[in-house]
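So the structure is just underneath, and the comments pick up after that.
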Amino acid sequence: MMKTVSRAREVLEAVSWYLPKPATTDSDRIETTRVLWDLANVYPGRLGEVDRKNLEILCREMAVSKRPLRFYEANWSKPADRESLPTAWWPLLIAVFFAHCGNGEYRNENERGLAFKSLNAGLSALEMAAQTSGMPHLSMLRSWSEEIFENLCCEGKA
Amino acid sequence: MRTVPLIVLGYEGPLLRAYLGMMRRAGLRPERLVLMVQTHHPVNGTVIGRWLPAKLRMWYAEKAQERLQNYWPRRIHLLHQPLVESMARELAQVCDAPDALIKEMLGPFSYQDYTETLERVAIKNLRDPALGEALSRIGSGAVLYTGGGILPRSILAMDGFRFLHVHPGYLPNVRGADGLLWSTLVRGRPAMSCFYMAAGIDTGEVIVAEDYPDLSFDISAQPRPDDQTLYRAIFSFYDPILRAELWVHRVLQSVDDLIRLPTIPQNIADGVTYHFMHPTLRQKVLARLFRSTSSHRQPSKPIESDVESTTPSYYIAKT
C-alpha cells in the first residue's frame with residue numbers, strides 16, 4: 001500500500017512540478033487543467049462525489065472524443081471554440097487516471113469498477129500520447145502502467 | 001406455438017436470430033417483427049445497391065445485410081469449429097442444446113417463420129423518420145429492441161409504446177459498452193439485465209437482473225485464435241445466447257403484460273458506466289474466458305490467414 005502511494009506521488013510530482021497552477025475563477029466554464037490539478041491533489045484520499053464525477057467524465061472524453069478539451073461549458077458541454085488540452089498537460093492527465101486506479105484494495109465493487117475504468121482511460125490516453133511527438137514522461141508512465149496493470153489484474157478475480 | 005403481444009425491433013444478425021430462435025424453442029413467437037434494413041452502408045455511407053431500381057434495392061439491401069451481419073459468426077464457425085464447439089459445450093450450463101441454436105443462427109433464416117407479422121422498414125439509421133412512421137402505423141405495444149446503437153428520444157417517447165432491452169451486465173452495477181467483458185473483469189462472472197429503455201445509456205427501470213455461472217471455454221493452444229477472433233466469437237455466440245436466455249426464460253415465459261412489468265428504478269449514482277475496453281485489458285479478460293489447452297484437437301479447417309477476407313470488422317458495433 002505505502003509503496004503504491006509513494007510511487008504514485010513520485011510520478012504525480014514528476015509530471016506536474018513545472019506546470020502553472022491553474023487559477024480559480026468565478027466563470028461557469030470548466031477548466032480541465034483545474035480539474036486535473038484537483039484530482040492530483042486529492043490523491044491518495046478517497047474521491048468525493050464531485051471528483052469522482054469529474055474523473056468519470058474525463059474517462060468518457062478519452063473513450064468518446066479521444067482528445068479532451070482545455071475548457072468546457074458548464075455541465076461539461078462542449079464549447080463552440082474547441083481547444084485541445086495542451087500537450088504539456090497530458091502526462092498529468094495520464095498520471096491522474098493511473099493514480100486513481102488505487103492499490104487493488106477496494107471497499108466495494110463500484111470502487112473496483114471505477115479503478116478499472118480509470119486504468120482503461122489511462123491506457124487509452126497513454127496510447128494517444130505516444131502518437132504525439134515530444135510528449136514528455138512517456139517511458140515513466142508506460143512503466144508505471146505496467147505496474148498498475150499487474151497490481152490490479154493479478155489480484156482478486158481477474 | 002403461442003403468439004406473444006410483443007413487437008421485436010432489430011437488425012439482422014446473431015442477436016436477433018438468438019432471440020427469435022430461443023423464443024421458438026420455448027413455443028413462443030412475437031406478434032410482430034419489425035426488421036430494420038439499412039439503406040446506407042454502415043461505414044462509407046453510400047446507398048446500398050444505388051444502381052438498382054427502388055423495388056430491387058430493398059431486396060438487395062436485405063441480402064447484403066444478411067451477409068454482412070452474419071459474416072463473422074459464419075467465418076468463425078467455418079475456421080474455428082473447435083472454438084464454437086467448446087462455447088456450445090459450456091453454454092449448455094445456461095440453456096438447452098446451444099449447439100442446435102447456434103446451428104440455427106448460422107443457417108438460412110426465414111424471419112417469416114418466427115413471427116405472426118413480418119414488416120421490413122428501410123432506414124438510413126436510427127434517426128431516420130421512417131422508423132417512427134413505421135411504429136406509428138403499428139400504434140402501440142411492448143417493443144423488444146434487439147439492436148445496438150441508441151434509440152432516439154423521439155422514438156422512446158412515443159405514446160403507447162414501451163421499449164425493452166437486454167443489457168449484458170448487472171444493472172445498475174455495470175452499464176455501457178462491452179458489458180460482458182467488464183462484468184467478467186470486475187465481478188468475476190457474466191450477468192444480464194432486462195429493463196425499460198430510458199433516455200440515458202442503460203439507465204431505465206430494471207425488470208430483472210441476473211448473474212450467470214462463470215463460464216470459460218477450453219480452446220486449442222496451437223494455434224490459439226487471435227484476440228480479435230475471440231472477441232468476435234463472444235458477440236457471435238456467447239453474448240446473444242445469454243441475452244436470449246434471460247429474455248425468454250426470465251422475462252417472457254413468466255409474464256403476460258409486457259407493458260406493465262414490476263420494476264426497480266435505478267439510482268444513477270450507483271454503478272459504473274463503462275466504455276469499450278482497451279485491448280490490453282481485453283486481452284486479460286479473453287485469456288480468462290478462453291483457456292488454452294494443449295490436448296484440444298486441432299481445427300479441421302485452415303487457419304484464418306489462408307482465407308481471403310472480404311468484409312471489414314465493423315459489424316460489432318454493439319450496445
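By convention in this document, the chains of the C-alpha cells carry letters A, B, ... by their order, each chain's residues are numbered from 1, and ligands are numbered from 1 in the order they are shown.
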Legend entry - Contacts of stretch 20-23 of chain A within 12 Å, only C-alpha atoms, excl. fewer than 2 positions in-chain, as a list in words: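 Contacts, in chain order: Val15, Ser16, Trp17, Tyr18, Thr25, Asp26, Ser27, Ile30, Glu31, Thr32, Thr33, Arg34, Val35, Leu36, Trp37, Asp38, Ala40, Asn41, Arg70, Ala88 and Trp89 of chain A.
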Write to file, as an mmCIF file, in the first residue's frame, the residues of the selection just made, with C-alpha atoms.
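New file again_30.cif:
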```cif
data_model
loop_
_atom_site.group_PDB
_atom_site.id
_atom_site.type_symbol
_atom_site.label_atom_id
_atom_site.label_comp_id
_atom_site.auth_asym_id
_atom_site.auth_seq_id
_atom_site.Cartn_x
_atom_site.Cartn_y
_atom_site.Cartn_z
ATOM 1 C CA VAL A 15 4.672 15.295 -14.247
ATOM 2 C CA SER A 16 3.274 18.397 -12.561
ATOM 3 C CA TRP A 17 6.025 20.386 -10.823
ATOM 4 C CA TYR A 18 6.686 22.534 -13.867
ATOM 5 C CA THR A 25 -12.140 31.679 -11.485
ATOM 6 C CA ASP A 26 -15.781 32.608 -10.975
ATOM 7 C CA SER A 27 -16.621 31.581 -14.505
ATOM 8 C CA ILE A 30 -14.856 24.235 -16.593
ATOM 9 C CA GLU A 31 -11.103 24.333 -16.950
ATOM 10 C CA THR A 32 -9.735 20.826 -17.491
ATOM 11 C CA THR A 33 -6.331 21.806 -16.131
ATOM 12 C CA ARG A 34 -8.002 22.898 -12.863
ATOM 13 C CA VAL A 35 -9.899 19.612 -12.671
ATOM 14 C CA LEU A 36 -6.680 17.654 -13.213
ATOM 15 C CA TRP A 37 -4.894 19.700 -10.589
ATOM 16 C CA ASP A 38 -7.655 18.993 -8.064
ATOM 17 C CA ALA A 40 -3.965 15.113 -8.437
ATOM 18 C CA ASN A 41 -4.143 16.918 -5.107
ATOM 19 C CA ARG A 70 -8.909 22.561 -22.411
ATOM 20 C CA ALA A 88 2.193 19.650 -21.546
ATOM 21 C CA TRP A 89 -0.846 18.564 -19.509
#
```
Can I get the residues of chain A within 8 Å of chain B, each with the closest pair of atoms and their distance in Å to one decimal, using only C-alpha atoms, sorted chain first then ascending number, as a Markdown table?
```
| residue | atom | partner | partner_atom | distance |
| --- | --- | --- | --- | --- |
| A:Arg60 | CA | B:His275 | CA | 7.2 |
| A:Ala63 | CA | B:His275 | CA | 6.3 |
| A:Glu109 | CA | B:Arg187 | CA | 7.1 |
| A:Asn110 | CA | B:Gly271 | CA | 5.7 |
| A:Arg112 | CA | B:Val186 | CA | 6.7 |
| A:Gly113 | CA | B:Val186 | CA | 5.8 |
| A:Leu114 | CA | B:Val272 | CA | 6.6 |
| A:Phe116 | CA | B:Val186 | CA | 7.6 |
| A:Lys117 | CA | B:Tyr274 | CA | 6.4 |
| A:Asn120 | CA | B:His278 | CA | 5.8 |
| A:Leu123 | CA | B:His278 | CA | 6.9 |
| A:Ser124 | CA | B:His278 | CA | 6.6 |
| A:Cys153 | CA | B:Lys284 | CA | 7.7 |
| A:Lys157 | CA | B:Gly188 | CA | 5.4 |
| A:Ala158 | CA | B:Leu185 | CA | 5.3 |
```
Grab the residues selected above and save them as a PDB file, in the first residue's frame with N, CA and C atoms.
```pdb
ATOM      1  N   ARG A  60     -14.814   9.353 -19.972  1.00  0.00           N
ATOM      2  CA  ARG A  60     -15.724   9.355 -21.115  1.00  0.00           C
ATOM      3  C   ARG A  60     -15.124  10.145 -22.283  1.00  0.00           C
ATOM      4  N   ALA A  63     -12.703   8.079 -24.023  1.00  0.00           N
ATOM      5  CA  ALA A  63     -13.308   6.987 -24.786  1.00  0.00           C
ATOM      6  C   ALA A  63     -14.027   7.492 -26.023  1.00  0.00           C
ATOM      7  N   GLU A 109     -17.609  -3.193  -5.019  1.00  0.00           N
ATOM      8  CA  GLU A 109     -17.474  -3.485  -6.449  1.00  0.00           C
ATOM      9  C   GLU A 109     -17.390  -2.210  -7.292  1.00  0.00           C
ATOM     10  N   ASN A 110     -18.126  -1.187  -6.885  1.00  0.00           N
ATOM     11  CA  ASN A 110     -18.097   0.049  -7.667  1.00  0.00           C
ATOM     12  C   ASN A 110     -16.725   0.710  -7.629  1.00  0.00           C
ATOM     13  N   ARG A 112     -13.944  -0.841  -7.239  1.00  0.00           N
ATOM     14  CA  ARG A 112     -13.097  -1.701  -8.087  1.00  0.00           C
ATOM     15  C   ARG A 112     -13.376  -1.403  -9.565  1.00  0.00           C
ATOM     16  N   GLY A 113     -14.644  -1.234  -9.883  1.00  0.00           N
ATOM     17  CA  GLY A 113     -15.016  -0.929 -11.261  1.00  0.00           C
ATOM     18  C   GLY A 113     -14.454   0.406 -11.721  1.00  0.00           C
ATOM     19  N   LEU A 114     -14.538   1.393 -10.846  1.00  0.00           N
ATOM     20  CA  LEU A 114     -14.026   2.720 -11.201  1.00  0.00           C
ATOM     21  C   LEU A 114     -12.508   2.668 -11.399  1.00  0.00           C
ATOM     22  N   PHE A 116     -10.801   0.116 -12.556  1.00  0.00           N
ATOM     23  CA  PHE A 116     -10.558  -0.455 -13.882  1.00  0.00           C
ATOM     24  C   PHE A 116     -10.929   0.523 -14.987  1.00  0.00           C
ATOM     25  N   LYS A 117     -11.998   1.276 -14.756  1.00  0.00           N
ATOM     26  CA  LYS A 117     -12.405   2.271 -15.751  1.00  0.00           C
ATOM     27  C   LYS A 117     -11.307   3.327 -15.912  1.00  0.00           C
ATOM     28  N   ASN A 120      -8.464   1.863 -17.753  1.00  0.00           N
ATOM     29  CA  ASN A 120      -8.821   1.791 -19.166  1.00  0.00           C
ATOM     30  C   ASN A 120      -8.583   3.133 -19.860  1.00  0.00           C
ATOM     31  N   LEU A 123      -4.836   3.877 -20.113  1.00  0.00           N
ATOM     32  CA  LEU A 123      -4.181   3.131 -21.199  1.00  0.00           C
ATOM     33  C   LEU A 123      -4.477   3.769 -22.551  1.00  0.00           C
ATOM     34  N   SER A 124      -5.729   4.216 -22.728  1.00  0.00           N
ATOM     35  CA  SER A 124      -6.085   4.888 -23.988  1.00  0.00           C
ATOM     36  C   SER A 124      -5.328   6.197 -24.125  1.00  0.00           C
ATOM     37  N   CYS A 153      -4.774  -6.482 -12.064  1.00  0.00           N
ATOM     38  CA  CYS A 153      -5.256  -7.658 -12.778  1.00  0.00           C
ATOM     39  C   CYS A 153      -4.780  -8.964 -12.162  1.00  0.00           C
ATOM     40  N   LYS A 157     -10.299 -11.442  -8.741  1.00  0.00           N
ATOM     41  CA  LYS A 157     -10.973 -12.356  -9.666  1.00  0.00           C
ATOM     42  C   LYS A 157     -10.382 -12.357 -11.056  1.00  0.00           C
ATOM     43  N   ALA A 158      -9.849 -11.225 -11.465  1.00  0.00           N
ATOM     44  CA  ALA A 158      -9.405 -11.202 -12.866  1.00  0.00           C
ATOM     45  C   ALA A 158      -8.146 -11.974 -13.009  1.00  0.00           C
TER      46      ALA A 158
END
```
Legend entry - Which of chain A fall in alpha helix (DSSP H), as a PyMOL selection string: chain A and resi 2-16+32-42+49-64+90-99+109-130+138-153
Store the residues picked out above, limited to C-alpha atoms, as a PDB file, in the first residue's frame.
```pdb
ATOM      1  CA  MET A   2       2.669   2.505   1.079  1.00  0.00           C
ATOM      2  CA  LYS A   3       4.805   1.546  -1.888  1.00  0.00           C
ATOM      3  CA  THR A   4       1.912   2.160  -4.283  1.00  0.00           C
ATOM      4  CA  VAL A   5       1.154   5.561  -2.765  1.00  0.00           C
ATOM      5  CA  SER A   6       4.740   6.734  -2.754  1.00  0.00           C
ATOM      6  CA  ARG A   7       5.186   5.623  -6.350  1.00  0.00           C
ATOM      7  CA  ALA A   8       2.036   7.485  -7.404  1.00  0.00           C
ATOM      8  CA  ARG A   9       3.137  10.614  -5.539  1.00  0.00           C
ATOM      9  CA  GLU A  10       6.530  10.433  -7.154  1.00  0.00           C
ATOM     10  CA  VAL A  11       5.007  10.252 -10.646  1.00  0.00           C
ATOM     11  CA  LEU A  12       2.402  12.945  -9.963  1.00  0.00           C
ATOM     12  CA  GLU A  13       5.159  15.235  -8.713  1.00  0.00           C
ATOM     13  CA  ALA A  14       7.376  14.493 -11.705  1.00  0.00           C
ATOM     14  CA  VAL A  15       4.672  15.295 -14.247  1.00  0.00           C
ATOM     15  CA  SER A  16       3.274  18.397 -12.561  1.00  0.00           C
ATOM     16  CA  THR A  32      -9.735  20.826 -17.491  1.00  0.00           C
ATOM     17  CA  THR A  33      -6.331  21.806 -16.131  1.00  0.00           C
ATOM     18  CA  ARG A  34      -8.002  22.898 -12.863  1.00  0.00           C
ATOM     19  CA  VAL A  35      -9.899  19.612 -12.671  1.00  0.00           C
ATOM     20  CA  LEU A  36      -6.680  17.654 -13.213  1.00  0.00           C
ATOM     21  CA  TRP A  37      -4.894  19.700 -10.589  1.00  0.00           C
ATOM     22  CA  ASP A  38      -7.655  18.993  -8.064  1.00  0.00           C
ATOM     23  CA  LEU A  39      -7.729  15.296  -8.896  1.00  0.00           C
ATOM     24  CA  ALA A  40      -3.965  15.113  -8.437  1.00  0.00           C
ATOM     25  CA  ASN A  41      -4.143  16.918  -5.107  1.00  0.00           C
ATOM     26  CA  VAL A  42      -6.923  14.799  -3.683  1.00  0.00           C
ATOM     27  CA  GLU A  49     -18.754  12.937  -5.313  1.00  0.00           C
ATOM     28  CA  VAL A  50     -17.634  15.855  -7.491  1.00  0.00           C
ATOM     29  CA  ASP A  51     -14.140  14.498  -8.047  1.00  0.00           C
ATOM     30  CA  ARG A  52     -15.494  11.077  -8.922  1.00  0.00           C
ATOM     31  CA  LYS A  53     -17.921  12.615 -11.403  1.00  0.00           C
ATOM     32  CA  ASN A  54     -15.133  14.673 -12.954  1.00  0.00           C
ATOM     33  CA  LEU A  55     -12.866  11.632 -13.237  1.00  0.00           C
ATOM     34  CA  GLU A  56     -15.635   9.666 -14.930  1.00  0.00           C
ATOM     35  CA  ILE A  57     -16.276  12.498 -17.369  1.00  0.00           C
ATOM     36  CA  LEU A  58     -12.608  12.596 -18.291  1.00  0.00           C
ATOM     37  CA  CYS A  59     -12.748   8.821 -18.829  1.00  0.00           C
ATOM     38  CA  ARG A  60     -15.724   9.355 -21.115  1.00  0.00           C
ATOM     39  CA  GLU A  61     -13.915  12.097 -23.015  1.00  0.00           C
ATOM     40  CA  MET A  62     -10.989   9.750 -23.594  1.00  0.00           C
ATOM     41  CA  ALA A  63     -13.308   6.987 -24.786  1.00  0.00           C
ATOM     42  CA  VAL A  64     -15.565   9.084 -26.975  1.00  0.00           C
ATOM     43  CA  TRP A  90      -1.208  15.113 -20.999  1.00  0.00           C
ATOM     44  CA  PRO A  91       1.294  13.426 -18.651  1.00  0.00           C
ATOM     45  CA  LEU A  92      -0.702  14.743 -15.690  1.00  0.00           C
ATOM     46  CA  LEU A  93      -3.931  13.551 -17.321  1.00  0.00           C
ATOM     47  CA  ILE A  94      -2.469  10.054 -17.673  1.00  0.00           C
ATOM     48  CA  ALA A  95      -0.964  10.111 -14.185  1.00  0.00           C
ATOM     49  CA  VAL A  96      -4.301  11.138 -12.667  1.00  0.00           C
ATOM     50  CA  PHE A  97      -6.034   8.214 -14.364  1.00  0.00           C
ATOM     51  CA  PHE A  98      -3.428   5.792 -13.091  1.00  0.00           C
ATOM     52  CA  ALA A  99      -3.215   7.258  -9.591  1.00  0.00           C
ATOM     53  CA  GLU A 109     -17.474  -3.485  -6.449  1.00  0.00           C
ATOM     54  CA  ASN A 110     -18.097   0.049  -7.667  1.00  0.00           C
ATOM     55  CA  GLU A 111     -14.743   1.226  -6.370  1.00  0.00           C
ATOM     56  CA  ARG A 112     -13.097  -1.701  -8.087  1.00  0.00           C
ATOM     57  CA  GLY A 113     -15.016  -0.929 -11.261  1.00  0.00           C
ATOM     58  CA  LEU A 114     -14.026   2.720 -11.201  1.00  0.00           C
ATOM     59  CA  ALA A 115     -10.394   1.677 -10.744  1.00  0.00           C
ATOM     60  CA  PHE A 116     -10.558  -0.455 -13.882  1.00  0.00           C
ATOM     61  CA  LYS A 117     -12.405   2.271 -15.751  1.00  0.00           C
ATOM     62  CA  SER A 118      -9.666   4.707 -14.792  1.00  0.00           C
ATOM     63  CA  LEU A 119      -6.998   2.238 -15.861  1.00  0.00           C
ATOM     64  CA  ASN A 120      -8.821   1.791 -19.166  1.00  0.00           C
ATOM     65  CA  ALA A 121      -8.850   5.557 -19.772  1.00  0.00           C
ATOM     66  CA  GLY A 122      -5.195   5.826 -18.730  1.00  0.00           C
ATOM     67  CA  LEU A 123      -4.181   3.131 -21.199  1.00  0.00           C
ATOM     68  CA  SER A 124      -6.085   4.888 -23.988  1.00  0.00           C
ATOM     69  CA  ALA A 125      -4.547   8.238 -23.062  1.00  0.00           C
ATOM     70  CA  LEU A 126      -1.088   6.696 -22.991  1.00  0.00           C
ATOM     71  CA  GLU A 127      -1.652   5.253 -26.435  1.00  0.00           C
ATOM     72  CA  MET A 128      -2.814   8.623 -27.762  1.00  0.00           C
ATOM     73  CA  ALA A 129       0.079  10.416 -26.109  1.00  0.00           C
ATOM     74  CA  ALA A 130       2.557   8.040 -27.703  1.00  0.00           C
ATOM     75  CA  LEU A 138       6.168   8.615 -21.663  1.00  0.00           C
ATOM     76  CA  SER A 139       8.574   5.878 -20.620  1.00  0.00           C
ATOM     77  CA  MET A 140       7.983   6.544 -16.918  1.00  0.00           C
ATOM     78  CA  LEU A 141       4.202   6.477 -17.414  1.00  0.00           C
ATOM     79  CA  ARG A 142       4.400   3.335 -19.515  1.00  0.00           C
ATOM     80  CA  SER A 143       6.434   1.545 -16.904  1.00  0.00           C
ATOM     81  CA  TRP A 144       4.030   2.698 -14.167  1.00  0.00           C
ATOM     82  CA  SER A 145       1.040   1.499 -16.218  1.00  0.00           C
ATOM     83  CA  GLU A 146       2.572  -1.984 -16.300  1.00  0.00           C
ATOM     84  CA  GLU A 147       2.987  -1.994 -12.509  1.00  0.00           C
ATOM     85  CA  ILE A 148      -0.625  -0.886 -12.035  1.00  0.00           C
ATOM     86  CA  PHE A 149      -1.903  -3.405 -14.523  1.00  0.00           C
ATOM     87  CA  GLU A 150      -0.128  -6.208 -12.694  1.00  0.00           C
ATOM     88  CA  ASN A 151      -1.367  -4.903  -9.374  1.00  0.00           C
ATOM     89  CA  LEU A 152      -4.995  -4.737 -10.434  1.00  0.00           C
ATOM     90  CA  CYS A 153      -5.256  -7.658 -12.778  1.00  0.00           C
TER      91      CYS A 153
END
```
Legend entry - Shortest interatomic distance to B:Leu252 - which of B:Gly107, B:Thr39, B:Ala142, B:Val94, counting only C-alpha atoms: B:Ala142
Inset, instruction - Identify, with DSSP run on backbone atoms, the residues in stretch 74-123 of chain B assigned to strand (DSSP E), and express the list as a ChimeraX atom specification. - result: /B:117-123
Inset, instruction - Rounded to one decimal place, report the atom CA of B:Ala177-atom CA of B:Glu205 distance in Å. - result: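 These two atoms are separated by 18.3 Å.
All residues of protein, DNA or RNA that reach within 9 Å of B:Glu62, judged by only C-alpha atoms and not counting those fewer than 5 positions away in the chain, are Glu12, Met36, Val37, Gln38, Thr39, Arg57 and Arg67 of chain B.
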For C-alpha atoms, I'd like the residues from the last selection saved as a PDB file, in the first residue's frame.
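The new file result35.pdb reads:
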```pdb
ATOM      1  CA  GLU B  12     -30.463  -8.878 -38.997  1.00  0.00           C
ATOM      2  CA  MET B  36     -34.762  -2.732 -39.927  1.00  0.00           C
ATOM      3  CA  VAL B  37     -32.957  -2.816 -43.260  1.00  0.00           C
ATOM      4  CA  GLN B  38     -30.138  -0.327 -43.642  1.00  0.00           C
ATOM      5  CA  THR B  39     -30.297   1.582 -46.890  1.00  0.00           C
ATOM      6  CA  ARG B  57     -32.809  -2.119 -53.920  1.00  0.00           C
ATOM      7  CA  ARG B  67     -24.281 -11.485 -45.470  1.00  0.00           C
TER       8      ARG B  67
END
```
Inset, instruction - May I have the residues within 9 Å of B:Arg250 as JSON, numbers by chain, using only C-alpha atoms and disregarding those fewer than 4 positions away in the same chain? - result: {"B": [208, 210, 245, 246, 254]}
Inset, instruction - Would you work out the distance separating atom CA of A:Thr24 from atom CA of A:Ala74, expressed in Å to one decimal? - result: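 Spanning atom CA of A:Thr24 to atom CA of A:Ala74 is a straight-line distance of 15.0 Å.
Of note, atom CA of B:Gln65 and atom CA of B:Gly27 are spaced 27.5 Å apart.
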Inset, instruction - Could you check which of B:Ala130, B:Ala18, B:Leu28, B:Ile234 is closest to B:Leu215, using only C-alpha atoms? - result: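 Distance minimum relative to B:Leu215 lands on B:Ile234.
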Find the spatial neighbours of stretch 226-230 of chain B, counting only C-alpha atoms, within a cut-off of 9 Å - ignore same-chain residues fewer than 5 positions away - and output them as a short mmCIF file (atom, residue, chain, number, x, y, z; two decimals) with C-alpha atoms, in the first residue's frame.
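In the end it all went to result06.cif:
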```cif
data_model
loop_
_atom_site.label_atom_id
_atom_site.label_comp_id
_atom_site.auth_asym_id
_atom_site.auth_seq_id
_atom_site.Cartn_x
_atom_site.Cartn_y
_atom_site.Cartn_z
CA TRP B 72 -18.11 -13.25 -38.63
CA ILE B 76 -15.58 -18.31 -37.08
CA LEU B 83 -13.82 -22.98 -30.58
CA PHE B 235 -20.52 -11.29 -29.82
CA PRO B 279 -7.02 -4.10 -25.94
CA ARG B 282 -9.42 -7.08 -23.13
CA GLN B 283 -6.53 -9.48 -23.59
CA LEU B 286 -10.09 -13.08 -23.09
CA ALA B 287 -7.32 -15.14 -21.51
CA PHE B 290 -10.79 -18.75 -23.35
#
```
Wanna dump the stretch 5-61 of chain B-stretch 160-168 of chain B contacts at 10 Å for me, each residue with its shortest atom pair and the distance in Å to one decimal, counting only C-alpha atoms, ordered by chain and number, as CSV?
```
residue,atom,partner,partner_atom,distance
B:Ile7,CA,B:Phe163,CA,9.3
B:Val8,CA,B:Leu164,CA,9.5
B:Leu9,CA,B:Phe163,CA,9.4
```
Legend entry - Residue neighbourhood A:Thr87, 10 Å, only C-alpha atoms, exclusion window fewer than 6 positions, as an MDAnalysis selection string: chainID A and resid 93 129 132:136
Can you write just those residues out, N, CA and C atoms, as an mmCIF file, in the first residue's frame?
```
data_model
loop_
_atom_site.group_PDB
_atom_site.id
_atom_site.type_symbol
_atom_site.label_atom_id
_atom_site.label_comp_id
_atom_site.auth_asym_id
_atom_site.auth_seq_id
_atom_site.Cartn_x
_atom_site.Cartn_y
_atom_site.Cartn_z
ATOM 1 N N LEU A 93 -2.660 14.237 -17.043
ATOM 2 C CA LEU A 93 -3.931 13.551 -17.321
ATOM 3 C C LEU A 93 -3.761 12.039 -17.147
ATOM 4 N N ALA A 129 -1.082 9.568 -26.380
ATOM 5 C CA ALA A 129 0.079 10.416 -26.109
ATOM 6 C C ALA A 129 1.304 9.924 -26.883
ATOM 7 N N THR A 132 1.968 11.421 -30.178
ATOM 8 C CA THR A 132 2.315 12.839 -30.255
ATOM 9 C C THR A 132 3.816 12.999 -30.057
ATOM 10 N N SER A 133 4.447 13.653 -31.000
ATOM 11 C CA SER A 133 5.902 13.781 -30.863
ATOM 12 C C SER A 133 6.243 14.760 -29.732
ATOM 13 N N GLY A 134 7.306 14.464 -29.033
ATOM 14 C CA GLY A 134 7.785 15.341 -27.968
ATOM 15 C C GLY A 134 7.009 15.235 -26.672
ATOM 16 N N MET A 135 6.180 14.205 -26.533
ATOM 17 C CA MET A 135 5.408 14.052 -25.288
ATOM 18 C C MET A 135 6.363 13.642 -24.165
ATOM 19 N N PRO A 136 6.441 14.430 -23.074
ATOM 20 C CA PRO A 136 7.374 14.091 -22.004
ATOM 21 C C PRO A 136 6.866 12.944 -21.120
#
```
Which residues, written as a PDB file with C-alpha atoms, in the first residue's frame, have at least one atom at most 12 Å from B:Ala92, with only C-alpha atoms counted and residues fewer than 5 positions away on the same chain left out?
```pdb
ATOM      1  CA  GLU B  85     -17.997 -26.418 -30.141  1.00  0.00           C
ATOM      2  CA  SER B  86     -16.273 -25.533 -26.892  1.00  0.00           C
ATOM      3  CA  MET B  87     -18.508 -22.493 -26.440  1.00  0.00           C
ATOM      4  CA  ALA B  97     -28.936 -27.526 -26.689  1.00  0.00           C
ATOM      5  CA  PRO B  98     -26.956 -24.379 -27.506  1.00  0.00           C
ATOM      6  CA  ASP B  99     -25.246 -26.248 -30.347  1.00  0.00           C
ATOM      7  CA  ALA B 100     -28.551 -26.608 -32.166  1.00  0.00           C
ATOM      8  CA  LEU B 101     -29.382 -22.953 -31.533  1.00  0.00           C
ATOM      9  CA  ILE B 102     -26.013 -21.886 -32.930  1.00  0.00           C
ATOM     10  CA  PRO B 213     -22.209 -19.038 -13.990  1.00  0.00           C
ATOM     11  CA  LEU B 215     -18.058 -19.810 -17.836  1.00  0.00           C
ATOM     12  CA  PHE B 217     -14.101 -22.049 -22.833  1.00  0.00           C
ATOM     13  CA  TYR B 238     -21.869 -16.041 -26.061  1.00  0.00           C
ATOM     14  CA  ILE B 241     -27.327 -16.612 -26.310  1.00  0.00           C
ATOM     15  CA  LEU B 242     -27.099 -15.265 -22.763  1.00  0.00           C
ATOM     16  CA  GLU B 245     -31.803 -16.901 -22.374  1.00  0.00           C
TER      17      GLU B 245
END
```
